[in-house]
Each structure stands twice: as C-alpha cells, then as structure tokens.
$ cat work_37.cif   # mmCIF, C-alpha atoms and all ligand atoms
data_entry
loop_
_atom_site.label_atom_id
_atom_site.label_comp_id
_atom_site.auth_asym_id
_atom_site.auth_seq_id
_atom_site.Cartn_x
_atom_site.Cartn_y
_atom_site.Cartn_z
CA MET A 1 7.67 -169.32 57.50
CA ILE A 2 10.03 -171.50 55.48
CA SER A 3 9.13 -172.00 51.81
CA ARG A 4 9.95 -174.92 49.52
CA ASN A 5 12.94 -173.25 47.84
CA ASP A 6 14.61 -172.00 51.05
CA PRO A 7 17.64 -173.88 52.40
CA CYS A 8 16.60 -176.79 54.58
CA TRP A 9 16.50 -176.19 58.33
CA CYS A 10 18.82 -179.21 58.90
CA GLY A 11 21.86 -177.35 57.53
CA SER A 12 22.47 -179.73 54.59
CA GLY A 13 22.68 -176.78 52.20
CA GLN A 14 20.00 -178.34 49.97
CA LYS A 15 16.67 -176.73 49.24
CA TRP A 16 14.00 -177.67 51.74
CA LYS A 17 11.86 -179.29 48.99
CA LYS A 18 14.76 -181.67 48.14
CA CYS A 19 15.58 -182.44 51.75
CA HIS A 20 13.22 -182.61 54.74
CA TYR A 21 10.05 -181.38 53.00
CA PRO A 22 7.19 -183.65 54.27
CA LYS A 23 6.32 -186.44 51.83
CA GLN A 24 2.79 -186.79 50.43
CA PRO A 25 0.61 -189.11 52.50
CA ILE A 26 0.95 -192.68 51.18
CA GLN A 27 -2.82 -193.27 51.28
CA THR A 28 -3.05 -192.76 47.54
CA PHE A 29 -5.95 -193.94 45.41
CA ASP A 30 -3.96 -197.03 44.34
CA VAL A 31 -3.41 -198.11 47.95
CA LEU A 32 -7.07 -197.59 48.79
CA LYS A 33 -8.14 -199.45 45.65
CA ARG A 34 -6.08 -202.47 46.65
CA GLU A 35 -7.35 -202.36 50.22
CA TYR A 36 -11.05 -202.14 49.24
CA LYS A 37 -10.63 -205.02 46.78
CA GLN A 38 -8.88 -207.22 49.33
CA LYS A 39 -10.98 -206.40 52.39
CA HIS A 40 -14.43 -205.97 50.88
CA ASN A 41 -14.18 -207.11 47.24
CA ILE A 42 -15.29 -203.57 46.28
CA LEU A 43 -13.98 -202.22 42.96
CA LEU A 44 -12.97 -198.56 43.17
CA LYS A 45 -13.15 -197.04 39.71
CA THR A 46 -10.44 -195.07 37.91
CA PRO A 47 -11.29 -191.76 36.17
CA GLU A 48 -11.30 -193.59 32.80
CA GLU A 49 -13.73 -196.22 34.10
CA ILE A 50 -15.91 -193.50 35.64
CA ASP A 51 -16.23 -191.77 32.26
CA LYS A 52 -17.50 -195.02 30.70
CA ILE A 53 -19.91 -195.72 33.58
CA ARG A 54 -21.18 -192.14 33.35
CA ALA A 55 -21.88 -192.61 29.63
CA ALA A 56 -23.74 -195.90 30.25
CA SER A 57 -25.69 -194.29 33.11
CA ARG A 58 -26.71 -191.27 31.01
CA LEU A 59 -27.94 -193.61 28.30
CA ALA A 60 -29.91 -195.70 30.81
CA ALA A 61 -31.47 -192.47 32.16
CA HIS A 62 -32.36 -191.29 28.67
CA ILE A 63 -33.96 -194.62 27.71
CA LEU A 64 -35.86 -194.75 31.01
CA ASP A 65 -37.16 -191.25 30.34
CA GLU A 66 -38.45 -192.28 26.91
CA LEU A 67 -40.16 -195.37 28.38
CA CYS A 68 -41.81 -193.30 31.12
CA LYS A 69 -43.20 -190.91 28.52
CA ALA A 70 -44.59 -193.88 26.56
CA ALA A 71 -46.24 -195.46 29.64
CA VAL A 72 -49.86 -194.29 29.35
CA GLU A 73 -53.25 -195.96 29.76
CA GLY A 74 -53.83 -198.71 27.16
CA VAL A 75 -50.13 -199.35 26.42
CA THR A 76 -48.85 -202.83 27.38
CA THR A 77 -45.63 -203.40 29.29
CA GLN A 78 -44.55 -205.61 26.35
CA GLN A 79 -44.75 -202.53 24.12
CA LEU A 80 -42.46 -200.73 26.58
CA ASP A 81 -40.08 -203.69 26.39
CA ASP A 82 -40.10 -203.49 22.57
CA LEU A 83 -39.31 -199.76 22.74
CA CYS A 84 -36.49 -200.50 25.20
CA MET A 85 -34.93 -202.99 22.75
CA LYS A 86 -35.28 -200.52 19.89
CA LEU A 87 -33.65 -197.65 21.80
CA HIS A 88 -30.74 -199.82 22.93
CA LYS A 89 -30.11 -200.93 19.33
CA LYS A 90 -30.23 -197.32 18.16
CA HIS A 91 -27.49 -196.40 20.64
CA ASN A 92 -25.36 -199.48 20.04
CA ALA A 93 -26.04 -200.70 23.56
CA LYS A 94 -27.56 -203.76 25.23
CA PRO A 95 -30.21 -204.11 27.95
CA ALA A 96 -28.49 -205.95 30.82
CA PRO A 97 -31.56 -207.88 32.12
CA LEU A 98 -32.11 -209.98 28.97
CA ASN A 99 -31.06 -213.58 29.82
CA TYR A 100 -29.56 -212.45 33.13
CA GLY A 101 -29.51 -214.79 36.12
CA SER A 102 -31.23 -218.10 36.75
CA PRO A 103 -33.76 -218.84 35.39
CA PRO A 104 -32.61 -216.48 32.60
CA TYR A 105 -34.63 -213.25 32.82
CA PRO A 106 -36.82 -213.29 29.68
CA LYS A 107 -37.17 -209.57 28.89
CA SER A 108 -35.09 -206.40 28.53
CA ILE A 109 -36.65 -204.31 31.35
CA CYS A 110 -38.47 -204.90 34.62
CA THR A 111 -42.00 -203.51 34.84
CA SER A 112 -43.38 -203.78 38.37
CA LEU A 113 -47.07 -202.89 38.79
CA ASN A 114 -48.97 -202.04 41.99
CA GLU A 115 -48.26 -204.88 44.50
CA VAL A 116 -45.19 -206.03 42.55
CA VAL A 117 -42.10 -205.08 44.55
CA CYS A 118 -39.54 -205.64 41.76
CA HIS A 119 -38.59 -207.85 38.78
CA GLY A 120 -42.06 -207.73 37.19
CA ILE A 121 -41.91 -209.26 33.69
CA PRO A 122 -43.41 -207.29 30.76
CA ASP A 123 -46.57 -208.88 29.31
CA GLU A 124 -49.69 -208.13 27.27
CA ARG A 125 -51.72 -206.47 30.06
CA PRO A 126 -52.62 -202.88 29.07
CA LEU A 127 -51.88 -200.20 31.66
CA GLN A 128 -55.03 -199.07 33.47
CA ASN A 129 -56.17 -195.87 35.11
CA GLY A 130 -55.06 -196.06 38.76
CA ASP A 131 -51.97 -198.25 38.18
CA ILE A 132 -48.57 -197.40 39.60
CA LEU A 133 -45.70 -198.78 37.53
CA ASN A 134 -41.97 -199.07 38.18
CA ILE A 135 -39.81 -199.22 35.05
CA ASP A 136 -36.24 -200.40 35.66
CA VAL A 137 -33.65 -199.95 32.90
CA THR A 138 -30.08 -201.23 33.02
CA SER A 139 -27.93 -200.50 29.95
CA ILE A 140 -24.57 -201.90 28.86
CA LEU A 141 -22.62 -199.42 26.73
CA ASP A 142 -19.08 -200.14 25.61
CA GLY A 143 -18.88 -202.88 28.26
CA TYR A 144 -19.93 -200.66 31.20
CA PHE A 145 -23.22 -200.56 33.12
CA GLY A 146 -25.79 -197.95 34.22
CA ASP A 147 -28.90 -198.84 36.26
CA ASN A 148 -31.96 -196.76 37.17
CA SER A 149 -35.70 -196.95 37.75
CA ARG A 150 -38.65 -194.64 38.27
CA MET A 151 -42.35 -194.78 39.06
CA VAL A 152 -45.11 -193.71 36.68
CA CYS A 153 -48.67 -193.03 37.85
CA ILE A 154 -51.30 -193.95 35.26
CA GLY A 155 -54.22 -191.52 35.44
CA LYS A 156 -55.56 -190.97 38.95
CA VAL A 157 -54.09 -193.19 41.67
CA ASP A 158 -55.44 -193.67 45.19
CA ALA A 159 -53.88 -192.15 48.33
CA GLU A 160 -52.12 -195.35 49.44
CA LYS A 161 -50.39 -195.76 46.09
CA GLN A 162 -49.45 -192.09 45.97
CA LEU A 163 -47.95 -192.43 49.45
CA VAL A 164 -45.59 -195.27 48.48
CA VAL A 165 -44.62 -193.51 45.24
CA ASP A 166 -43.73 -190.28 47.08
CA THR A 167 -42.13 -191.98 50.07
CA SER A 168 -39.82 -194.20 48.00
CA TYR A 169 -38.68 -191.11 46.07
CA ASN A 170 -38.00 -189.20 49.29
CA CYS A 171 -36.14 -192.22 50.72
CA LEU A 172 -33.88 -192.36 47.67
CA MET A 173 -33.13 -188.64 47.45
CA GLU A 174 -32.63 -188.12 51.20
CA SER A 175 -30.23 -191.05 51.38
CA ILE A 176 -28.27 -189.75 48.37
CA ALA A 177 -28.00 -186.32 50.02
CA ILE A 178 -25.76 -187.65 52.83
CA LEU A 179 -23.23 -189.40 50.55
CA LYS A 180 -19.57 -188.36 50.79
CA PRO A 181 -16.26 -189.98 51.72
CA GLY A 182 -16.19 -191.10 55.35
CA VAL A 183 -19.95 -191.70 55.67
CA LEU A 184 -20.60 -195.32 56.72
CA LEU A 185 -22.54 -197.61 54.40
CA ASN A 186 -25.21 -198.35 57.02
CA GLU A 187 -26.14 -194.67 57.29
CA ILE A 188 -27.94 -195.10 53.94
CA GLY A 189 -30.30 -197.67 55.49
CA ASN A 190 -30.76 -195.50 58.58
CA VAL A 191 -32.00 -192.57 56.49
CA ILE A 192 -34.26 -194.72 54.31
CA GLU A 193 -35.84 -196.59 57.20
CA SER A 194 -36.48 -193.44 59.23
CA VAL A 195 -38.05 -191.57 56.27
CA ALA A 196 -40.25 -194.61 55.54
CA ARG A 197 -41.35 -195.05 59.15
CA LYS A 198 -42.29 -191.39 59.47
CA ALA A 199 -44.59 -191.91 56.49
CA LYS A 200 -45.99 -195.11 58.10
CA CYS A 201 -44.55 -197.28 55.34
CA SER A 202 -42.24 -200.32 55.52
CA VAL A 203 -38.92 -201.10 53.85
CA VAL A 204 -38.34 -204.32 51.87
CA TYR A 205 -35.28 -206.06 53.32
CA GLN A 206 -34.96 -209.01 50.91
CA PHE A 207 -33.65 -206.96 47.95
CA VAL A 208 -30.70 -204.58 48.06
CA GLY A 209 -28.86 -201.96 46.04
CA HIS A 210 -25.46 -202.96 44.72
CA GLY A 211 -22.02 -201.95 43.56
CA HIS A 212 -22.33 -201.30 39.85
CA GLY A 213 -20.50 -200.23 36.71
CA ILE A 214 -17.99 -202.85 35.63
CA ALA A 215 -20.52 -205.63 36.29
CA PHE A 216 -24.31 -205.62 36.78
CA HIS A 217 -24.17 -206.58 40.45
CA GLU A 218 -20.92 -205.95 42.34
CA GLU A 219 -20.07 -205.69 46.02
CA PRO A 220 -21.09 -204.08 48.29
CA GLN A 221 -24.73 -204.89 48.90
CA ILE A 222 -26.57 -201.69 49.83
CA TYR A 223 -29.16 -202.42 52.51
CA HIS A 224 -32.15 -200.09 52.56
CA SER A 225 -33.22 -200.98 56.10
CA TYR A 226 -31.41 -200.64 59.46
CA ASN A 227 -28.16 -202.68 59.33
CA ASN A 228 -24.71 -202.95 60.77
CA ILE A 229 -22.40 -202.66 57.74
CA LYS A 230 -19.96 -199.95 58.67
CA ILE A 231 -17.70 -199.71 55.62
CA PRO A 232 -16.66 -196.06 55.05
CA LEU A 233 -17.55 -194.62 51.64
CA VAL A 234 -14.49 -193.62 49.61
CA GLU A 235 -13.85 -191.78 46.36
CA GLY A 236 -14.32 -193.95 43.28
CA MET A 237 -17.15 -196.15 44.60
CA THR A 238 -20.09 -196.54 42.21
CA PHE A 239 -23.27 -198.22 43.41
CA THR A 240 -27.05 -198.10 43.22
CA ILE A 241 -29.59 -197.14 45.87
CA GLU A 242 -33.05 -198.51 45.09
CA PRO A 243 -35.39 -198.57 48.09
CA MET A 244 -38.57 -200.64 47.75
CA ILE A 245 -41.21 -199.15 50.05
CA ASN A 246 -44.47 -200.90 50.98
CA ALA A 247 -47.80 -199.61 52.26
CA GLY A 248 -48.27 -202.74 54.41
CA VAL A 249 -45.88 -205.47 55.58
CA PRO A 250 -42.22 -205.36 54.47
CA GLU A 251 -42.10 -208.98 53.21
CA ALA A 252 -41.88 -209.82 49.53
CA LYS A 253 -42.64 -213.22 47.99
CA ILE A 254 -41.23 -214.46 44.69
CA ASP A 255 -43.65 -216.03 42.19
CA LYS A 256 -42.86 -219.76 42.03
CA LYS A 257 -44.07 -220.03 38.45
CA ASP A 258 -41.66 -217.54 36.86
CA GLY A 259 -38.93 -217.41 39.52
CA TRP A 260 -38.72 -213.58 39.28
CA THR A 261 -41.85 -211.54 40.04
CA ALA A 262 -41.67 -210.39 43.69
CA ARG A 263 -44.98 -209.30 45.26
CA THR A 264 -45.79 -207.90 48.68
CA ALA A 265 -46.90 -210.70 51.03
CA ASP A 266 -50.15 -208.82 51.78
CA LEU A 267 -50.62 -207.66 48.14
CA LYS A 268 -50.65 -204.01 49.24
CA PRO A 269 -48.88 -201.50 46.96
CA SER A 270 -45.10 -201.12 46.71
CA ALA A 271 -42.95 -198.52 44.96
CA GLN A 272 -39.27 -198.06 44.08
CA TRP A 273 -36.92 -195.46 42.59
CA GLU A 274 -33.28 -196.13 41.71
CA HIS A 275 -30.16 -194.15 40.83
CA THR A 276 -26.54 -195.10 40.16
CA VAL A 277 -24.25 -192.83 42.21
CA LEU A 278 -20.52 -192.07 42.33
CA ILE A 279 -18.63 -191.08 45.47
CA THR A 280 -16.40 -188.10 44.62
CA LYS A 281 -13.54 -186.42 46.49
CA ASP A 282 -15.86 -184.28 48.58
CA GLY A 283 -19.37 -185.59 47.90
CA HIS A 284 -21.24 -187.52 45.26
CA GLU A 285 -22.54 -187.38 41.72
CA ILE A 286 -25.82 -188.94 40.57
CA LEU A 287 -24.74 -190.64 37.35
CA THR A 288 -28.28 -191.44 36.19
CA LEU A 289 -29.66 -187.94 36.69
CA LEU A 290 -31.18 -186.91 33.39
CA LYS A 291 -29.49 -183.81 32.04
CA LYS A 292 -31.72 -181.84 29.72
CA ASN A 293 -29.97 -181.00 26.37
N1 LIG B 1 -32.25 -203.63 37.44
C1 LIG B 1 -32.46 -204.46 38.60
C2 LIG B 1 -31.64 -203.86 39.70
O1 LIG B 1 -31.89 -202.75 40.00
C3 LIG B 1 -32.09 -205.89 38.41
C4 LIG B 1 -32.97 -206.62 37.52
S1 LIG B 1 -32.49 -208.25 37.53
C5 LIG B 1 -33.13 -208.78 36.10
O2 LIG B 1 -30.72 -204.38 40.23
F1 LIG B 1 -32.67 -209.93 35.82
F2 LIG B 1 -34.42 -208.77 36.20
F3 LIG B 1 -32.77 -207.95 35.20
CO CO B 2 -30.04 -202.00 40.61
CO CO B 3 -32.36 -201.49 38.36
#

$ encode --input "work_37.cif" --output "structure tokens"
Amino acid sequence: MISRNDPCWCGSGQKWKKCHYPKQPIQTFDVLKREYKQKHNILLKTPEEIDKIRAASRLAAHILDELCKAAVEGVTTQQLDDLCMKLHKKHNAKPAPLNYGSPPYPKSICTSLNEVVCHGIPDERPLQNGDILNIDVTSILDGYFGDNSRMVCIGKVDAEKQLVVDTSYNCLMESIAILKPGVLLNEIGNVIESVARKAKCSVVYQFVGHGHGIAFHEEPQIYHSYNNIKIPLVEGMTFTIEPMINAGVPEAKIDKKDGWTARTADLKPSAQWEHTVLITKDGHEILTLLKKN
C-alpha cells in the first residue's frame, strides 16, 4: 500500500502527497452553510456561535428549573414572571418574550395552564391542586438565544392530565433520539405523531418548533405532526422541538381579547415540553439539558 511520503505512482518523482494524493472532498462546512442559507434560509452555526448559544441555553434551562421549583399551590404565575425577571437581571441576560411580536407580548415568560396550549400570559390566579402548568423560558445572553419549557403538576392531577404531560414528554425525547446528520426533517413529526396516537392523544398542528440561536424564531419550521418537509439535517443546525399534545381534538384557538393565549378548541387538557438541540457531526446535543453542578 502506497503511503503519503512515497514517490507518486505517476513517475513524476514527487512525493505522492504533493502529486496525485486525493484532495479533500469540497463539501466543507462553508459550502454547506452557503447552500442551506440560499436554499432554505437556514443558518448553520459556527463553533464560536454554538458556544454562545450553548451558554444562553444553559442559562434558560437553569432559570426554568428555578421557576419549576417555585411553582407550587398558592403561587401566582405573575410571581413566577417576577422571579424570571429577577433571575435574568442577576445573570445579565434578558427574557426574549417581553415585548416580542404583535401585539407585543406583555410578560417575560409563558405560563400555560390546563387547556391552554401555549402562550398563556402570567396573571394573579394562584396555582391550584390539580393544575398542570407549562412554563416556557427563552433567554437572551450576550446576543444569543436559548429556549425551553417543561410541565409542572400541582398536587394531584387527574389521569387525563397526567396522560398529556407524560405523552408530550415522550414525544419530545423520542423525536430527539433519532436526530443526526442525514435524517430528514419530517421524521421528527413522524415520531411525535405516532407516539401521540399510540397514547390516544392528538398533536397540535398550528404551532411549530423553530430554528433558534441567533434569532428567537429562525427557519426551518419544525412540524410536530405528519408532514412532507424532507430537508436533511446537517451539522451546525440549532432548533427547538416543542410538541403540544392534546387529550381531545388537535385544534387550538387564540383568545381574541389578548391575541396570544391559545386554548384547545374543546377545552380539554394540553401539555408541552421543549428543548433547544444542536445537530453534531455524528448525532445531536440537547443544549437546554440541565447539567447538575
Ligand atoms: N418560547 C415560545 C417558543 O417556544 C415563544 C413564545 S412567543 C412569546 O417559541 F411572545 F410569547 F414569547
Ligand atoms: Co420555542
Ligand atoms: Co419556548
């Protein structure tokens, strides 16, 4: 077998490595980055950007953890919002939801209770025994974003609520488990929808996960239900998966009065969990996974 420093087989007298040694494939990260931007408007992140997004994601996970610990019977969602503001200030960060969108979102977190699918606005209602609550925290640290949400059960919850809480968690984690370069984007929705159906639950199709990190909501949209978007995952993609799973019908309706609160059309319970993930060379990393210590 010829090695790099042997004379080239062509007889030039030069070392093989300087002569006919095969060139590296030209599909470098830079080429891919340009292609994904042009074709799909997807921003592939550089290692430096990934470090910043990881830091923002870790902070968002830490703040979410603190809010979940504080969410007990008798506490209002406004008090959780106040704590969220305080923790962001302490870490020199900003909560992304505040004044986001149109009409401007009025608070710093989303708190979605029971039949609320997403974008519930914190208020003065105290948490009650039997409530299920989604807390969604998005942090901006040093200009970069991290987004995650979890469910909290207050006291003893009924079987239907427990089912959506558990199923939405399983949907999220099972869809993350398949992530690696080459997997098609729509395989995420396939996993989520099949896990939900097996549990006799439905998947909200009006809200999606999203590219994330440099901005709050980037391309691509991540559908949680069956879909036909066959973009291959590649290294350097960062996005959220955040399945909203309902006990009854999949439809959500937005409150006309506040323009944000989305409830199930049949007012049956809904639950959601969310992580920000990174596609790596041979798999994935959950950026918002809370690391103890
Ligand atoms: N954090 C939510 C998401 O997962 C978005 C909330 S929009 C807001 O994408 F305006 F309510 F913040
Ligand atoms: Co999100
Ligand atoms: Co979120």

$ residues_around --input "work_37.cif" --residues "range 266-273 of chain A" --least-positions-apart "4" --cutoff "7 Å" --atoms "only C-alpha atoms" --output "list in words"
Asn114, Glu115, Val116, Val117, Asn134, Ser149, Arg150, Met151, Lys161, Val164, Val165, Ser168, Tyr169, Leu172, Glu242, Pro243, Met244, Ile245, Asn246, Ala247, Gly248 and Val249 of chain A

$ residues_near_ligand --input "work_37.cif" --ligand "ligand CO 3 (chain B)" --cutoff "9 Å" --atoms "only C-alpha atoms and all ligand atoms" --output "PyMOL selection string"
chain A and resi 97+109-110+118-119+135-138+146-149+209+240+242+273-276

$ atom_distance --input "work_37.cif" --atom1 "CA of Ser202 in chain A" --atom2 "CA of Asp123 in chain A"
27.9 Å

$ closest_residue --input "work_37.cif" --among "A:Lys291, A:His212, A:Arg263, A:His40" --to "ligand LIG 1 (chain B)" --atoms "only C-alpha atoms and all ligand atoms"
A:His212

$ closest_residue --input "work_37.cif" --among "A:Phe239, A:Tyr21, A:Tyr100, A:Tyr226" --to "ligand LIG 1 (chain B)" --atoms "all atoms listed in the file"
A:Tyr100

$ closest_residue --input "work_37.cif" --among "A:Leu289, A:Leu59, A:Met1, A:Val204" --to "Lys90 in chain A" --atoms "only C-alpha atoms"
A:Leu59

$ residues_around --input "work_37.cif" --residues "Gly74 in chain A" --least-positions-apart "6" --cutoff "9 Å" --atoms "only C-alpha atoms" --output "list of chain:residue names"
A:Arg125, A:Pro126, A:Leu127, A:Gln128, A:Asn129

$ closest_residue --input "work_37.cif" --among "A:Asp51, A:Tyr105, A:Asp81, A:Ala60" --to "Asp258 in chain A" --atoms "only C-alpha atoms"
A:Tyr105

$ atom_distance --input "work_37.cif" --atom1 "CA of Glu251 in chain A" --atom2 "CA of Ala265 in chain A"
5.5 Å

$ build_atoms --input "work_37.cif" --residues "range 103-127 of chain A" --atoms "N, CA and C atoms" --output "mmCIF file, keeping the file's coordinate frame"
data_model
loop_
_atom_site.group_PDB
_atom_site.id
_atom_site.type_symbol
_atom_site.label_atom_id
_atom_site.label_comp_id
_atom_site.auth_asym_id
_atom_site.auth_seq_id
_atom_site.Cartn_x
_atom_site.Cartn_y
_atom_site.Cartn_z
ATOM 1 N N PRO A 103 -33.678 -218.596 36.830
ATOM 2 C CA PRO A 103 -33.760 -218.840 35.390
ATOM 3 C C PRO A 103 -33.472 -217.551 34.614
ATOM 4 N N PRO A 104 -32.967 -217.684 33.362
ATOM 5 C CA PRO A 104 -32.610 -216.480 32.600
ATOM 6 C C PRO A 104 -33.799 -215.521 32.524
ATOM 7 N N TYR A 105 -33.552 -214.240 32.867
ATOM 8 C CA TYR A 105 -34.630 -213.250 32.820
ATOM 9 C C TYR A 105 -35.063 -213.084 31.361
ATOM 10 N N PRO A 106 -36.386 -213.183 31.085
ATOM 11 C CA PRO A 106 -36.820 -213.290 29.680
ATOM 12 C C PRO A 106 -36.961 -211.984 28.916
ATOM 13 N N LYS A 107 -36.879 -210.826 29.584
ATOM 14 C CA LYS A 107 -37.170 -209.570 28.890
ATOM 15 C C LYS A 107 -36.018 -208.574 29.075
ATOM 16 N N SER A 108 -36.207 -207.361 28.504
ATOM 17 C CA SER A 108 -35.090 -206.400 28.530
ATOM 18 C C SER A 108 -35.244 -205.326 29.616
ATOM 19 N N ILE A 109 -36.435 -205.220 30.207
ATOM 20 C CA ILE A 109 -36.650 -204.310 31.350
ATOM 21 C C ILE A 109 -37.462 -205.035 32.417
ATOM 22 N N CYS A 110 -37.519 -204.444 33.606
ATOM 23 C CA CYS A 110 -38.470 -204.900 34.620
ATOM 24 C C CYS A 110 -39.585 -203.872 34.687
ATOM 25 N N THR A 111 -40.830 -204.381 34.731
ATOM 26 C CA THR A 111 -42.000 -203.510 34.840
ATOM 27 C C THR A 111 -42.830 -204.016 36.024
ATOM 28 N N SER A 112 -42.774 -203.297 37.132
ATOM 29 C CA SER A 112 -43.380 -203.780 38.370
ATOM 30 C C SER A 112 -44.607 -202.933 38.711
ATOM 31 N N LEU A 113 -45.781 -203.571 38.639
ATOM 32 C CA LEU A 113 -47.070 -202.890 38.790
ATOM 33 C C LEU A 113 -47.652 -203.072 40.182
ATOM 34 N N ASN A 114 -48.137 -201.986 40.778
ATOM 35 C CA ASN A 114 -48.970 -202.040 41.990
ATOM 36 C C ASN A 114 -48.335 -202.829 43.130
ATOM 37 N N GLU A 115 -48.783 -204.094 43.371
ATOM 38 C CA GLU A 115 -48.260 -204.880 44.500
ATOM 39 C C GLU A 115 -46.945 -205.571 44.149
ATOM 40 N N VAL A 116 -46.466 -205.415 42.920
ATOM 41 C CA VAL A 116 -45.190 -206.030 42.550
ATOM 42 C C VAL A 116 -44.051 -205.153 43.091
ATOM 43 N N VAL A 117 -43.193 -205.790 43.880
ATOM 44 C CA VAL A 117 -42.100 -205.080 44.550
ATOM 45 C C VAL A 117 -40.978 -204.785 43.560
ATOM 46 N N CYS A 118 -40.597 -205.794 42.772
ATOM 47 C CA CYS A 118 -39.540 -205.640 41.760
ATOM 48 C C CYS A 118 -39.552 -206.853 40.828
ATOM 49 N N HIS A 119 -38.783 -206.750 39.728
ATOM 50 C CA HIS A 119 -38.590 -207.850 38.780
ATOM 51 C C HIS A 119 -39.887 -208.317 38.116
ATOM 52 N N GLY A 120 -40.867 -207.403 37.970
ATOM 53 C CA GLY A 120 -42.060 -207.730 37.190
ATOM 54 C C GLY A 120 -41.676 -207.914 35.719
ATOM 55 N N ILE A 121 -42.271 -208.915 35.080
ATOM 56 C CA ILE A 121 -41.910 -209.260 33.690
ATOM 57 C C ILE A 121 -42.929 -208.644 32.731
ATOM 58 N N PRO A 122 -42.475 -207.889 31.723
ATOM 59 C CA PRO A 122 -43.410 -207.290 30.760
ATOM 60 C C PRO A 122 -44.322 -208.342 30.133
ATOM 61 N N ASP A 123 -45.602 -207.959 29.934
ATOM 62 C CA ASP A 123 -46.570 -208.880 29.310
ATOM 63 C C ASP A 123 -47.611 -208.088 28.521
ATOM 64 N N GLU A 124 -48.702 -208.746 28.174
ATOM 65 C CA GLU A 124 -49.690 -208.130 27.270
ATOM 66 C C GLU A 124 -50.778 -207.356 28.001
ATOM 67 N N ARG A 125 -50.673 -207.206 29.321
ATOM 68 C CA ARG A 125 -51.720 -206.470 30.060
ATOM 69 C C ARG A 125 -51.595 -204.974 29.779
ATOM 70 N N PRO A 126 -52.697 -204.334 29.296
ATOM 71 C CA PRO A 126 -52.620 -202.880 29.070
ATOM 72 C C PRO A 126 -52.624 -202.119 30.399
ATOM 73 N N LEU A 127 -51.884 -201.041 30.452
ATOM 74 C CA LEU A 127 -51.880 -200.200 31.660
ATOM 75 C C LEU A 127 -53.267 -199.602 31.857
#
